[in-house]
Structures are given as C-alpha cells and as structure tokens.
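start.txt follows; it contains compact mmCIF, N, CA and C atoms.
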```txt
# COMPACT_ATOMS: atom_id res chain seq x y z
N GLN F 178 -39.39 -13.07 -26.82
CA GLN F 178 -38.00 -12.80 -27.14
C GLN F 178 -37.32 -12.12 -25.96
N VAL F 179 -36.18 -12.63 -25.57
CA VAL F 179 -35.47 -12.08 -24.43
C VAL F 179 -34.65 -10.87 -24.87
N GLN F 180 -34.81 -9.78 -24.13
CA GLN F 180 -34.01 -8.58 -24.39
C GLN F 180 -33.43 -8.08 -23.08
N LEU F 181 -32.18 -7.69 -23.13
CA LEU F 181 -31.48 -7.13 -21.98
C LEU F 181 -30.93 -5.77 -22.39
N VAL F 182 -31.24 -4.75 -21.60
CA VAL F 182 -30.80 -3.39 -21.95
C VAL F 182 -30.09 -2.79 -20.74
N GLU F 183 -28.80 -2.52 -20.90
CA GLU F 183 -28.02 -1.91 -19.83
C GLU F 183 -28.09 -0.38 -19.90
N SER F 184 -27.94 0.24 -18.75
CA SER F 184 -27.84 1.69 -18.67
C SER F 184 -27.11 2.06 -17.40
N GLY F 185 -26.72 3.33 -17.31
CA GLY F 185 -26.12 3.83 -16.08
C GLY F 185 -24.63 4.04 -16.11
N GLY F 186 -24.00 3.70 -17.21
CA GLY F 186 -22.55 3.90 -17.30
C GLY F 186 -22.21 5.37 -17.41
N GLY F 187 -20.91 5.65 -17.32
CA GLY F 187 -20.46 7.03 -17.44
C GLY F 187 -19.00 7.18 -17.09
N LEU F 188 -18.57 8.44 -17.05
CA LEU F 188 -17.20 8.78 -16.69
C LEU F 188 -17.22 9.29 -15.25
N VAL F 189 -16.47 8.63 -14.38
CA VAL F 189 -16.44 9.03 -12.97
C VAL F 189 -15.00 9.03 -12.46
N GLN F 190 -14.82 9.69 -11.34
CA GLN F 190 -13.49 9.74 -10.72
C GLN F 190 -13.30 8.53 -9.80
N PRO F 191 -12.07 8.17 -9.56
CA PRO F 191 -11.82 7.06 -8.63
C PRO F 191 -12.43 7.33 -7.26
N GLY F 192 -12.96 6.27 -6.68
CA GLY F 192 -13.51 6.36 -5.34
C GLY F 192 -15.01 6.61 -5.28
N VAL F 193 -15.59 7.01 -6.38
CA VAL F 193 -17.02 7.30 -6.36
C VAL F 193 -17.82 6.05 -6.68
N SER F 194 -19.16 6.21 -6.65
CA SER F 194 -20.05 5.08 -6.90
C SER F 194 -20.84 5.30 -8.18
N LEU F 195 -21.31 4.17 -8.70
CA LEU F 195 -22.14 4.19 -9.91
C LEU F 195 -23.07 2.99 -9.83
N ARG F 196 -24.28 3.16 -10.33
CA ARG F 196 -25.21 2.02 -10.36
C ARG F 196 -25.62 1.74 -11.80
N LEU F 197 -25.39 0.52 -12.21
CA LEU F 197 -25.81 0.07 -13.53
C LEU F 197 -27.14 -0.66 -13.41
N SER F 198 -27.93 -0.52 -14.48
CA SER F 198 -29.22 -1.21 -14.54
C SER F 198 -29.25 -2.13 -15.75
N CYS F 199 -29.93 -3.24 -15.58
CA CYS F 199 -30.16 -4.18 -16.68
C CYS F 199 -31.66 -4.44 -16.72
N ALA F 200 -32.33 -3.82 -17.67
CA ALA F 200 -33.77 -4.01 -17.83
C ALA F 200 -34.00 -5.28 -18.66
N VAL F 201 -34.80 -6.17 -18.09
CA VAL F 201 -35.00 -7.49 -18.69
C VAL F 201 -36.42 -7.61 -19.22
N SER F 202 -36.56 -8.07 -20.44
CA SER F 202 -37.88 -8.37 -20.98
C SER F 202 -37.83 -9.74 -21.63
N GLY F 203 -38.98 -10.40 -21.62
CA GLY F 203 -39.05 -11.74 -22.19
C GLY F 203 -38.56 -12.82 -21.27
N LEU F 204 -38.25 -12.45 -20.03
CA LEU F 204 -37.72 -13.39 -19.05
C LEU F 204 -38.19 -12.92 -17.69
N THR F 205 -38.83 -13.79 -16.95
CA THR F 205 -39.30 -13.39 -15.64
C THR F 205 -38.19 -13.55 -14.60
N LEU F 206 -38.09 -12.57 -13.72
CA LEU F 206 -37.07 -12.64 -12.69
C LEU F 206 -37.48 -13.56 -11.55
N ASP F 207 -38.65 -14.20 -11.69
CA ASP F 207 -39.01 -15.22 -10.72
C ASP F 207 -38.16 -16.48 -10.90
N TYR F 208 -37.66 -16.67 -12.10
CA TYR F 208 -36.98 -17.92 -12.44
C TYR F 208 -35.91 -17.57 -13.46
N TYR F 209 -34.73 -17.21 -12.96
CA TYR F 209 -33.78 -16.53 -13.83
C TYR F 209 -32.35 -16.70 -13.36
N VAL F 210 -31.45 -16.38 -14.25
CA VAL F 210 -30.04 -16.14 -13.94
C VAL F 210 -29.61 -14.91 -14.72
N ILE F 211 -29.10 -13.91 -14.07
CA ILE F 211 -28.56 -12.73 -14.74
C ILE F 211 -27.14 -12.50 -14.23
N THR F 212 -26.25 -12.34 -15.15
CA THR F 212 -24.84 -12.13 -14.80
C THR F 212 -24.33 -10.86 -15.47
N TRP F 213 -23.55 -10.11 -14.71
CA TRP F 213 -22.84 -8.96 -15.25
C TRP F 213 -21.44 -9.41 -15.66
N PHE F 214 -21.08 -9.03 -16.87
CA PHE F 214 -19.72 -9.23 -17.36
C PHE F 214 -19.12 -7.86 -17.67
N ARG F 215 -17.82 -7.82 -17.85
CA ARG F 215 -17.19 -6.60 -18.31
C ARG F 215 -16.02 -6.95 -19.22
N GLN F 216 -15.72 -6.02 -20.10
CA GLN F 216 -14.60 -6.21 -21.01
C GLN F 216 -13.83 -4.92 -21.15
N ALA F 217 -12.59 -4.96 -20.71
CA ALA F 217 -11.69 -3.82 -20.84
C ALA F 217 -10.95 -3.93 -22.17
N PRO F 218 -10.46 -2.81 -22.70
CA PRO F 218 -9.75 -2.84 -23.98
C PRO F 218 -8.59 -3.83 -23.94
N GLY F 219 -8.54 -4.71 -24.93
CA GLY F 219 -7.45 -5.65 -25.04
C GLY F 219 -7.52 -6.83 -24.09
N LYS F 220 -8.63 -6.95 -23.37
CA LYS F 220 -8.76 -8.04 -22.39
C LYS F 220 -9.96 -8.91 -22.70
N GLU F 221 -9.94 -10.09 -22.12
CA GLU F 221 -11.07 -11.01 -22.25
C GLU F 221 -12.27 -10.49 -21.47
N ARG F 222 -13.46 -10.85 -21.94
CA ARG F 222 -14.65 -10.52 -21.17
C ARG F 222 -14.67 -11.39 -19.93
N GLU F 223 -14.91 -10.77 -18.78
CA GLU F 223 -14.86 -11.51 -17.52
C GLU F 223 -16.14 -11.35 -16.73
N GLY F 224 -16.46 -12.37 -15.95
CA GLY F 224 -17.64 -12.31 -15.10
C GLY F 224 -17.41 -11.40 -13.91
N VAL F 225 -18.39 -10.60 -13.60
CA VAL F 225 -18.31 -9.66 -12.48
C VAL F 225 -19.17 -10.12 -11.32
N SER F 226 -20.44 -10.44 -11.62
CA SER F 226 -21.35 -10.84 -10.57
C SER F 226 -22.55 -11.54 -11.18
N CYS F 227 -23.12 -12.45 -10.42
CA CYS F 227 -24.25 -13.25 -10.91
C CYS F 227 -25.31 -13.36 -9.83
N ILE F 228 -26.56 -13.22 -10.22
CA ILE F 228 -27.66 -13.40 -9.30
C ILE F 228 -28.66 -14.35 -9.94
N SER F 229 -29.25 -15.22 -9.13
CA SER F 229 -30.20 -16.16 -9.70
C SER F 229 -31.29 -16.48 -8.70
N SER F 230 -32.38 -17.03 -9.21
CA SER F 230 -33.48 -17.43 -8.36
C SER F 230 -33.15 -18.69 -7.57
N SER F 231 -32.14 -19.44 -8.00
CA SER F 231 -31.83 -20.72 -7.36
C SER F 231 -30.68 -20.65 -6.38
N ALA F 232 -29.83 -19.66 -6.50
CA ALA F 232 -28.67 -19.57 -5.61
C ALA F 232 -29.02 -18.74 -4.38
N ARG F 233 -28.57 -19.18 -3.22
CA ARG F 233 -28.90 -18.47 -1.98
C ARG F 233 -28.20 -17.12 -1.91
N THR F 234 -26.98 -17.09 -2.42
CA THR F 234 -26.24 -15.83 -2.40
C THR F 234 -25.69 -15.55 -3.78
N PRO F 235 -25.49 -14.28 -4.10
CA PRO F 235 -24.92 -13.95 -5.41
C PRO F 235 -23.45 -14.37 -5.49
N TYR F 236 -22.96 -14.39 -6.71
CA TYR F 236 -21.55 -14.66 -6.95
C TYR F 236 -20.85 -13.36 -7.32
N TYR F 237 -19.61 -13.25 -6.89
CA TYR F 237 -18.81 -12.07 -7.23
C TYR F 237 -17.40 -12.49 -7.64
N ALA F 238 -16.85 -11.75 -8.58
CA ALA F 238 -15.44 -11.92 -8.88
C ALA F 238 -14.62 -11.39 -7.70
N ASP F 239 -13.48 -11.99 -7.47
CA ASP F 239 -12.63 -11.56 -6.35
C ASP F 239 -12.28 -10.08 -6.45
N SER F 240 -12.12 -9.60 -7.67
CA SER F 240 -11.68 -8.21 -7.87
C SER F 240 -12.73 -7.18 -7.46
N VAL F 241 -13.99 -7.60 -7.33
CA VAL F 241 -15.05 -6.64 -6.99
C VAL F 241 -15.74 -6.99 -5.68
N ASN F 242 -15.45 -8.14 -5.13
CA ASN F 242 -16.11 -8.58 -3.90
C ASN F 242 -15.88 -7.57 -2.78
N GLY F 243 -16.96 -7.15 -2.17
CA GLY F 243 -16.88 -6.16 -1.10
C GLY F 243 -17.08 -4.74 -1.58
N ARG F 244 -16.99 -4.53 -2.89
CA ARG F 244 -17.21 -3.19 -3.45
C ARG F 244 -18.48 -3.12 -4.30
N PHE F 245 -18.81 -4.20 -4.98
CA PHE F 245 -19.97 -4.24 -5.86
C PHE F 245 -21.07 -5.07 -5.22
N THR F 246 -22.31 -4.68 -5.49
CA THR F 246 -23.46 -5.42 -5.00
C THR F 246 -24.47 -5.59 -6.12
N ILE F 247 -24.88 -6.82 -6.34
CA ILE F 247 -25.89 -7.11 -7.36
C ILE F 247 -27.24 -7.28 -6.67
N SER F 248 -28.29 -6.80 -7.30
CA SER F 248 -29.63 -6.93 -6.71
C SER F 248 -30.66 -6.94 -7.83
N ARG F 249 -31.88 -7.21 -7.46
CA ARG F 249 -32.95 -7.25 -8.45
C ARG F 249 -34.19 -6.56 -7.91
N ASP F 250 -34.95 -5.97 -8.82
CA ASP F 250 -36.26 -5.40 -8.51
C ASP F 250 -37.26 -6.15 -9.37
N MET F 251 -38.00 -7.05 -8.73
CA MET F 251 -38.90 -7.89 -9.52
C MET F 251 -40.04 -7.10 -10.11
N ALA F 252 -40.48 -6.06 -9.43
CA ALA F 252 -41.58 -5.24 -9.94
C ALA F 252 -41.16 -4.55 -11.25
N LYS F 253 -39.90 -4.17 -11.33
CA LYS F 253 -39.40 -3.49 -12.52
C LYS F 253 -38.71 -4.45 -13.49
N ASN F 254 -38.60 -5.72 -13.11
CA ASN F 254 -37.89 -6.71 -13.91
C ASN F 254 -36.50 -6.20 -14.30
N THR F 255 -35.81 -5.70 -13.31
CA THR F 255 -34.51 -5.06 -13.53
C THR F 255 -33.50 -5.59 -12.52
N VAL F 256 -32.29 -5.81 -13.01
CA VAL F 256 -31.17 -6.21 -12.15
C VAL F 256 -30.18 -5.04 -12.10
N TYR F 257 -29.68 -4.77 -10.91
CA TYR F 257 -28.77 -3.65 -10.71
C TYR F 257 -27.39 -4.14 -10.31
N LEU F 258 -26.41 -3.32 -10.62
CA LEU F 258 -25.06 -3.54 -10.13
C LEU F 258 -24.60 -2.24 -9.49
N GLN F 259 -24.59 -2.23 -8.17
CA GLN F 259 -24.11 -1.07 -7.42
C GLN F 259 -22.60 -1.19 -7.30
N MET F 260 -21.90 -0.20 -7.81
CA MET F 260 -20.44 -0.24 -7.81
C MET F 260 -19.91 0.89 -6.94
N ASN F 261 -19.27 0.53 -5.85
CA ASN F 261 -18.70 1.50 -4.93
C ASN F 261 -17.18 1.48 -5.00
N SER F 262 -16.59 2.55 -4.52
CA SER F 262 -15.11 2.64 -4.46
C SER F 262 -14.48 2.26 -5.79
N LEU F 263 -14.98 2.87 -6.83
CA LEU F 263 -14.50 2.52 -8.17
C LEU F 263 -13.03 2.83 -8.35
N LYS F 264 -12.37 1.97 -9.11
CA LYS F 264 -10.95 2.10 -9.39
C LYS F 264 -10.73 2.23 -10.90
N PRO F 265 -9.62 2.79 -11.31
CA PRO F 265 -9.35 2.86 -12.76
C PRO F 265 -9.41 1.49 -13.44
N GLU F 266 -9.02 0.46 -12.74
CA GLU F 266 -9.05 -0.89 -13.33
C GLU F 266 -10.46 -1.44 -13.51
N ASP F 267 -11.47 -0.72 -13.02
CA ASP F 267 -12.86 -1.11 -13.27
C ASP F 267 -13.35 -0.58 -14.61
N THR F 268 -12.54 0.21 -15.28
CA THR F 268 -12.92 0.75 -16.58
C THR F 268 -13.13 -0.37 -17.58
N ALA F 269 -14.31 -0.39 -18.19
CA ALA F 269 -14.66 -1.46 -19.12
C ALA F 269 -16.05 -1.18 -19.68
N VAL F 270 -16.42 -1.96 -20.69
CA VAL F 270 -17.82 -2.02 -21.11
C VAL F 270 -18.47 -3.12 -20.29
N TYR F 271 -19.56 -2.78 -19.66
CA TYR F 271 -20.28 -3.73 -18.80
C TYR F 271 -21.51 -4.26 -19.53
N TYR F 272 -21.65 -5.58 -19.49
CA TYR F 272 -22.75 -6.26 -20.16
C TYR F 272 -23.54 -7.08 -19.14
N CYS F 273 -24.85 -7.16 -19.33
CA CYS F 273 -25.59 -8.16 -18.59
C CYS F 273 -25.97 -9.27 -19.58
N ALA F 274 -26.10 -10.46 -19.02
CA ALA F 274 -26.31 -11.63 -19.87
C ALA F 274 -27.15 -12.66 -19.12
N ALA F 275 -27.79 -13.52 -19.90
CA ALA F 275 -28.59 -14.59 -19.32
C ALA F 275 -28.36 -15.88 -20.11
N PRO F 276 -28.34 -17.00 -19.41
CA PRO F 276 -28.23 -18.27 -20.11
C PRO F 276 -29.61 -18.75 -20.55
N ARG F 277 -29.65 -19.80 -21.32
CA ARG F 277 -30.94 -20.42 -21.62
C ARG F 277 -31.32 -21.24 -20.40
N GLY F 278 -32.48 -21.01 -19.86
CA GLY F 278 -32.89 -21.73 -18.66
C GLY F 278 -32.52 -20.98 -17.39
N ALA F 279 -32.83 -21.58 -16.27
CA ALA F 279 -32.67 -20.90 -14.98
C ALA F 279 -31.61 -21.55 -14.11
N ARG F 280 -30.75 -22.36 -14.69
CA ARG F 280 -29.70 -22.99 -13.90
C ARG F 280 -28.41 -22.18 -14.06
N VAL F 281 -27.75 -21.93 -12.97
CA VAL F 281 -26.51 -21.17 -13.02
C VAL F 281 -25.43 -21.99 -13.71
N PRO F 282 -24.80 -21.45 -14.73
CA PRO F 282 -23.71 -22.19 -15.39
C PRO F 282 -22.59 -22.51 -14.39
N LEU F 283 -21.84 -23.56 -14.70
CA LEU F 283 -20.70 -23.92 -13.87
C LEU F 283 -19.42 -23.86 -14.71
N PRO F 284 -18.50 -22.97 -14.36
CA PRO F 284 -18.66 -21.94 -13.34
C PRO F 284 -19.61 -20.83 -13.79
N TRP F 285 -20.02 -20.01 -12.89
CA TRP F 285 -21.05 -19.00 -13.20
C TRP F 285 -20.58 -18.01 -14.25
N TYR F 286 -19.30 -17.83 -14.42
CA TYR F 286 -18.74 -16.87 -15.35
C TYR F 286 -18.37 -17.49 -16.70
N TRP F 287 -18.85 -18.72 -16.96
CA TRP F 287 -18.51 -19.40 -18.23
C TRP F 287 -19.31 -18.76 -19.36
N ARG F 288 -18.64 -17.93 -20.13
CA ARG F 288 -19.31 -17.11 -21.14
C ARG F 288 -20.10 -17.92 -22.16
N ASP F 289 -19.59 -19.05 -22.56
CA ASP F 289 -20.23 -19.85 -23.61
C ASP F 289 -21.64 -20.29 -23.24
N GLU F 290 -21.96 -20.29 -21.95
CA GLU F 290 -23.28 -20.72 -21.51
C GLU F 290 -24.32 -19.61 -21.62
N TYR F 291 -23.87 -18.40 -21.87
CA TYR F 291 -24.79 -17.25 -21.91
C TYR F 291 -25.17 -16.96 -23.36
N VAL F 292 -26.47 -16.98 -23.62
CA VAL F 292 -26.93 -16.83 -25.00
C VAL F 292 -27.60 -15.48 -25.25
N TYR F 293 -28.02 -14.82 -24.19
CA TYR F 293 -28.68 -13.52 -24.32
C TYR F 293 -27.75 -12.46 -23.72
N TRP F 294 -27.50 -11.42 -24.51
CA TRP F 294 -26.59 -10.36 -24.11
C TRP F 294 -27.20 -9.00 -24.40
N GLY F 295 -26.90 -8.05 -23.53
CA GLY F 295 -27.25 -6.67 -23.82
C GLY F 295 -26.19 -6.04 -24.70
N GLN F 296 -26.40 -4.76 -25.00
CA GLN F 296 -25.49 -4.06 -25.91
C GLN F 296 -24.28 -3.48 -25.18
N GLY F 297 -24.35 -3.42 -23.87
CA GLY F 297 -23.24 -2.93 -23.07
C GLY F 297 -23.36 -1.46 -22.72
N THR F 298 -22.73 -1.09 -21.61
CA THR F 298 -22.67 0.31 -21.20
C THR F 298 -21.24 0.59 -20.72
N GLN F 299 -20.70 1.72 -21.16
CA GLN F 299 -19.31 2.04 -20.88
C GLN F 299 -19.17 2.66 -19.50
N VAL F 300 -18.22 2.14 -18.73
CA VAL F 300 -17.85 2.73 -17.45
C VAL F 300 -16.38 3.12 -17.54
N THR F 301 -16.10 4.38 -17.31
CA THR F 301 -14.73 4.87 -17.33
C THR F 301 -14.42 5.52 -15.99
N VAL F 302 -13.38 5.03 -15.33
CA VAL F 302 -12.97 5.57 -14.04
C VAL F 302 -11.62 6.23 -14.23
N SER F 303 -11.62 7.54 -14.11
CA SER F 303 -10.39 8.28 -14.40
C SER F 303 -10.42 9.61 -13.68
N SER F 304 -9.24 10.04 -13.23
CA SER F 304 -9.14 11.35 -12.60
C SER F 304 -8.78 12.40 -13.64
```

Can you present the structure in this file as structure tokens?
Amino acid sequence: QVQLVESGGGLVQPGVSLRLSCAVSGLTLDYYVITWFRQAPGKEREGVSCISSSARTPYYADSVNGRFTISRDMAKNTVYLQMNSLKPEDTAVYYCAAPRGARVPLPWYWRDEYVYWGQGTQVTVSS
C-alpha cells in the first residue's frame, strides 16, 4: 500500500527558507514520480514541482522556479522540497502525490492522474 506523509510546514516570515519532506512507503524511489502540489484558500490545487526516475530534470511551476528545489534521498525513501525566498503568496497547504505507475503525467501537474496523496502540511508566510 502506497503511503505519502508530508512534514516540515510552519509559520515563517517572508524571505526565509523552509524544507518540506515527503516520506514514501509502498513505492520505491528507484522507479517513481513524486509531485508537490499546493492549495491556497479559495484557489485550485496547483502543481509546484515534480521529480521522477525517468525525467532528466525536475519540473517546476513558473511561480517557484529559481526559488524551490526538489530532491530525493533514496536511502530514506523521501522526497524534499527546499523552499527559499518565501513569499506571502506561497502560503498554502502543500501535498505530495504520486500517479499509478512511473510515467510522468502530461502535463506533469494534471491532478486527475495522481491517485496517491498525502494529508498535507500547512505553510504560512507572513510578517
């Protein structure tokens, strides 16, 4: 059974960094797709970043490109989202998700293709 558990959220001031973790069980990171999504109050859930065993480089939403970095630790079976230079507009519940299989959905942020979801972790950026 696939389980995804997010952690690392919190309340931070603008400009600081935060690292989110997605602990994965029931799915090997040797052959995987893990995507971070976020959902702000009153908004649609949107794709933030995606990492996979088949893609040469990760995918990023334009709004976070250059500030966020996705990575994986295969020994810990964990995917991370390093978030730098946080802005108030980054405030949201962050989820990690995986599709069935190891092929990256097209587009990578197509929510309907993701069947496994974590419970989410709240990130609030406020002064």

Using all atoms listed in the file, what residues lie at most 8 Å away from (-17.7, 8.4, -7.4) (file coordinates), given as a PyMOL selection string? chain F and resi 188-195+260-263

Kindly provide the residues of range 239-281 of chain F that approach range 198-219 of chain F to within 6.5 Å, each paired with its closest atom pair and their distance in Å to one decimal, based on only N, CA and C atoms, listed by chain and increasing number, as a Markdown table.
```
| residue | atom | partner | partner_atom | distance |
| --- | --- | --- | --- | --- |
| F:Met251 | CA | F:Leu206 | CA | 6.0 |
| F:Lys253 | C | F:Val201 | N | 6.3 |
| F:Asn254 | C | F:Val201 | N | 4.2 |
| F:Thr255 | CA | F:Cys199 | C | 4.3 |
| F:Val256 | C | F:Cys199 | N | 3.9 |
| F:Tyr257 | CA | F:Ser198 | CA | 4.6 |
| F:Leu258 | N | F:Ser198 | N | 5.0 |
| F:Thr268 | C | F:Ala217 | CA | 5.0 |
| F:Ala269 | CA | F:Gln216 | C | 4.1 |
| F:Val270 | N | F:Gln216 | C | 4.0 |
| F:Tyr271 | CA | F:Arg215 | CA | 4.2 |
| F:Tyr272 | N | F:Phe214 | C | 3.9 |
| F:Cys273 | CA | F:Thr212 | C | 4.3 |
| F:Ala274 | N | F:Thr212 | C | 4.0 |
| F:Ala275 | CA | F:Val210 | C | 4.7 |
| F:Pro276 | N | F:Val210 | C | 5.3 |
| F:Gly278 | C | F:Val210 | N | 5.7 |
| F:Ala279 | CA | F:Tyr209 | C | 4.5 |
| F:Arg280 | N | F:Tyr209 | C | 6.0 |
| F:Val281 | CA | F:Val210 | CA | 6.2 |
```

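In this structure, CA of Val302 in chain F sits 26.9 Å away from atom N of Ser229 in chain F.
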
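Distances here use all atoms listed in the file; by that measure, the residue among F:Ser230, F:Arg244, F:Leu197, F:Arg222 closest to Ser184 in chain F is F:Leu197.
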
Going by DSSP on the backbone, which bits of range 187-280 of chain F are strand (DSSP E)? Write them as a PyMOL selection string, please. chain F and resi 187-189+195-202+210-216+223-229+236-237+245-250+255-260+269-276

Separation of CA of Trp285 in chain F from CA of Arg196 in chain F, in Å and rounded to one decimal: 21.6 Å

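Proximity of F:Tyr291, F:Tyr237, F:Pro265, F:Ser231 to Ser304 in chain F, computed with only N, CA and C atoms, is greatest for F:Pro265.
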
Just to confirm, what's the straight-line distance from CA of Ala238 in chain F to CA of Tyr286 in chain F in Å (one decimal)?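 The value is 8.8 Å.
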
Judged by only C-alpha atoms, the minimum distance to Gln299 in chain F among F:Thr234, F:Gly186, F:Leu181, F:Ser248 is found for F:Gly186
